[in-house]
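Data first, discussion second: the structure below is written as structure tokens.
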Amino acid sequence: MSDLSWNAPILHVDMDAFYASVATRERPDLADVPVIVGGGSRGVVLSANYLARQYGVRSALPMTRARRLCPSAVVIAPDFETYLSVSASVLENFRRVTPLVEVVSLDEAFLDVRGSTRRLGSPAAIADQLRAVIHDEQGITCSVGLAASVSVAKLASRRAKPDGVVVVPPAQVTAFLHPLDVGELWGVGEKTQTMLHRLGLVTVGDVAHIPVRTLQRAVGHHLGTQLHHLAWGNDRRVIVPRAGPLEPERSMGADETFTRDTDDREVIVRELLRLTRRVASRMRAAGVAGRTVTIRIRFADFTTITRSRTLSEATDVTVEIYRTATQLYDALGLQRARLRLVGVRVEGLVPRASVQRQLVLGEPEHGWAEADRAVDRATRRFGAAAVGPASLLGSS
DNA sequence: TCTGGGGTCCTAGGACCC
DNA sequence: TCTGGGGTCCTAGGACCC
């Protein structure tokens with residue numbers, strides 16, 4: 001009955017410890033063992049099963065700390081191909097419920113089920129069906145939050161974990177929200193949480209009851225407005241059906257942490273070239289070009305700077321992006337600074353077809369675009385190791 | 001051997017233009 | 001012989017999300 005009063009019942013479906021669950025679903029030997037999915041020596045935890053979490057292991061924790069907290073954990077390298085395929089199967093399960101699916105990431109999506117209740121039953125019944133189907137077909141569990149808005153549904157699913165459902169009827173939204181810590185709100189990370197706590201704003205209810213202007217002064221105009229609305233459950237966001245992270249992007253980039261910090265210009269510049277090739281070929285595959293080239297430098301002490309330059313016209317040409325990146329790097333005039341990470345990003349992406357190249361006759365540049373396409377073709381046929389500048393031979 | 005890699009959005013100051 | 005005021009673009013930094 002109460003379901004009928006819901007303007008738009010929203011489900012937020014969130015896989016439980018997704019990477020770890022997928023990694024262990026056919027490994028009964030790991031069922032009762034702490035499991036961590038994570039990268040190499042300088043990496044972070046990508047996913048941890050609930051046994052590992054009992055030791056304090058969390059996503060984004062440095063692997064070194066995670067191993068210290070839980071020496072008995074089995075550490076597994078991520079296998080994104082498998083995650084992608086499981087994720088695609090789960091998405092099919094969603095689409096059988098409703099076409100109004102907004103994919104957030106590989107392991108998370110919002111479903112607007114207002115059009116599905118006649119066929120499938122109440123929103124709560126739909127949540128149960130989905131969890132059963134995903135468990136039976138994919139061998140993993142998920143949690144579901146059900147509410148009348150996107151933001152509350154998301155908070156509800158978090159409270160449902162693991163392997164549960166939490167329903168927040170419209171009349172109970174503020175009673176549900178106000179006791180929560182401000183850090184639970186979308187847009188409040190570690191920094192903002194700390195700042196709000198220092199101001200004596202600990203719960204969502206605290207934030208709800210101070211004047212918007214005060215909030216805006218504390219955290220900025222935009223975020224202040226947003227938090228005020230979220231604290232009262234005012235969330236007009238609607239589900240935008242989309243396939244997820246494969247949307248037309250505004251920027252593309254790549255960065256990589258060195259195995260060891262380095263101050264060697266040769267090594268750094270070679271890395272800039274490797275990253276640029278990766279980014280540029282992704283851009284060409286996506287049919288986009290961009291005008292602003294940004295490099296990112298992270299020093300050994302973790303301080304991070306960016307330097308960018310906007311070109312007169314958009315490009316997807318490896319050599320142009322690379323030249324800009326190295327010029328930006330050299331302009332820093334670093335001497336003995338040890339770098340932990342470098343990155344290259346191209347912003348202001350537009351469809352390549354919309355770029356009118358002002359080709360100057362005799363300009364030596366205009367052969368490079370064709371060279372890139374030849375490299376792309378060869379890479380598709382023979383693999384990435386087959387083609388590359390001499391400075392990268394043997395390194396890829 | 002503390003702290004990945006892919007992104008998005010906001011803020012703020014200066015340049016520049018009308 | 002002080003100050004305008006928008007709007008837009010560019011750059012840099014920072015916070016956040018998954």
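Naming works like this for the structure tokens: A, B, ... for the chains as they're shown, residue 1 at the start of each chain, ligands 1 onward in shown order.
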
- Contact residues around region 82-89 of chain A with only C-alpha atoms (C1' of nucleotides) at 6 Å, ignoring same-chain residues under 3 positions, as a list in words: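 That gives Asp79, Glu92 and Leu106 of chain A.
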
Using only C-alpha atoms (C1' of nucleotides), find each residue of chain B with at least one atom at most 10 Å away from an atom of region 10-13 of chain C; report its shortest atom-to-atom pair and that distance in Å (one decimal), sort the rows by chain and rising residue number, and return the result as a tab-separated table.
residue	atom	partner	partner_atom	distance
B:DT11	C1'	C:DG13	C1'	9.0
B:DA12	C1'	C:DA12	C1'	9.5
B:DG13	C1'	C:DT11	C1'	9.3
B:DG14	C1'	C:DC10	C1'	9.0
B:DA15	C1'	C:DC10	C1'	8.4

- Task: Just need the residues of chain A within 7 Å of chain C, counting only C-alpha atoms (C1' of nucleotides), so spit them out as JSON, numbers by chain.
- Result: {"A": [105, 187, 189, 306, 308]}

For C-alpha atoms, I'd like the residues from the last selection saved as a compact mmCIF listing (two decimals), in the first residue's frame.
# COMPACT_ATOMS: atom_id res chain seq x y z
CA SER A 105 30.29 1.51 -11.83
CA GLY A 187 30.00 14.78 -1.60
CA GLY A 189 34.74 13.00 1.97
CA THR A 306 49.62 19.91 -12.47
CA SER A 308 48.57 22.47 -18.48

- Task: Using CA of Trp6 (chain A) and CA of Ala148 (chain A) as the two end points, give the distance in Å to one decimal.
- Result: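 Straight-line distance from CA of Trp6 (chain A) to CA of Ala148 (chain A) works out to 6.1 Å.
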
- Message: I need the strand (DSSP E or B) residues of region 190-313 of chain A per DSSP on the backbone, written as a ChimeraX atom specification.
- Response: /A:203,242,251-262,288-299,304-313
